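Data block below; observations after.
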Amino acid sequence: MNFSSTEFIEKLKSRDSLVITQLVDQYHEALFKGAIKQGLASDQAEVVVQNTWGTFFEQIERFEGRSHIRTYLFGIMYNKAKETFRENKKYTCDYDESALEKIYTREGSYESPPKSPENWMQSNEFFIILGEELKKLPQSQRVAFTLKEIEGESTQDICNILGVSNTNLGVLIYRAKNNLRLALEKSLNK
Amino acid sequence: MKILRNIIHNLMMVMIPKSLRKNMLTCEQVAHIIAEKQDIPAFKRLKLQMHLFICQSCLDYRIQIQIIDASSIKLGKITLTSSQKEQISKSKSKIIDKYSKD
């Protein structure tokens, strides 16, 4: 059945168990994986996904079908994940961005030029390092980067989820990628 | 090629008058355009190509970012452990029961 059809939404609102089973079957695992990719630990991802369904069914009466049901569900999940990050000190560690401030001269050319990444892909550790460094990034940068490059969400959706402007999102992505490349250089261009 | 590019770069920096250089993109601007995948107008795109033609640093930068972007897609492919799968199927039926009317 088409998840966006009015018929489906109506049945969902009347809590039809068959329809609910279909929907949960379709998205439960994807939501869980999405929460993990955001950087949540397994048990917290589980809580986030359960709360997501809770909110979804609380608000289903007001769902007007203006966005796709997947977008709507993931939007709720990302917000729950954001709350979890905010509440847990575990996820907010200090990140030293001083290197980022020193890349360019005042004229905007390189103070310390990027090193050639020729050997990066040959390193067995490349993916491990990238994954580790991504986890370490400041929360907002990590989430912005994950949504954009890993989940491939649209810019407009990411702005809505994070509650930032287009320009701010650009800066977050820019900083995330630069922090990542500087960290990779540090480990791989010895 | 790298050496040649460096020579051209240095020559241009000496020969091009300051007023014109001001009109060129700086490495910092180039870095923003590439990392943010900015949608830029044709003329600016031309200026970007010109900058990349003479600037080895920005070329290296671009490859670095391309590697990071391409690798991220691979990072997103996660496989769940068997205990995670079990956990999910349990909570799935719990949710279906909780929110179904009958």
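Convention: chains lettered A, B, ... in structure tokens order; per-chain residue numbering from 1; ligands numbered from 1 as shown.
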Got a sec to pull out which chain B residues are within 6 Å of chain A, counting only C-alpha atoms, and send them as a PyMOL selection string?
chain B and resi 26-28+35-36+57+60-61+64+72-73+76+96+100-101
DSSP says alpha helix (DSSP H) for which residues of segment 59-159 of chain A? Put them as an MDAnalysis selection string?
chainID A and resid 59 69:87 98:101 126:136 139:145 155:159
Using only C-alpha atoms, which of A:Ser98, A:Thr84, A:Ser123, A:Asn179 sits nearest Ala35 of chain A?
A:Thr84
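From atom CA of Val30 of chain B back to atom CA of Leu52 of chain B, the distance works out to 8.6 Å.
Taking atom CA of Asn88 of chain A and atom CA of Ser187 of chain A as endpoints, the distance between them is 28.9 Å.
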Please determine, counting only C-alpha atoms, which residue among A:Gly65, A:Lys102, A:Thr71, A:Ile129 has the shortest atom-to-atom distance to Gln156 of chain A.
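Nearest to Gln156 of chain A: A:Thr71.
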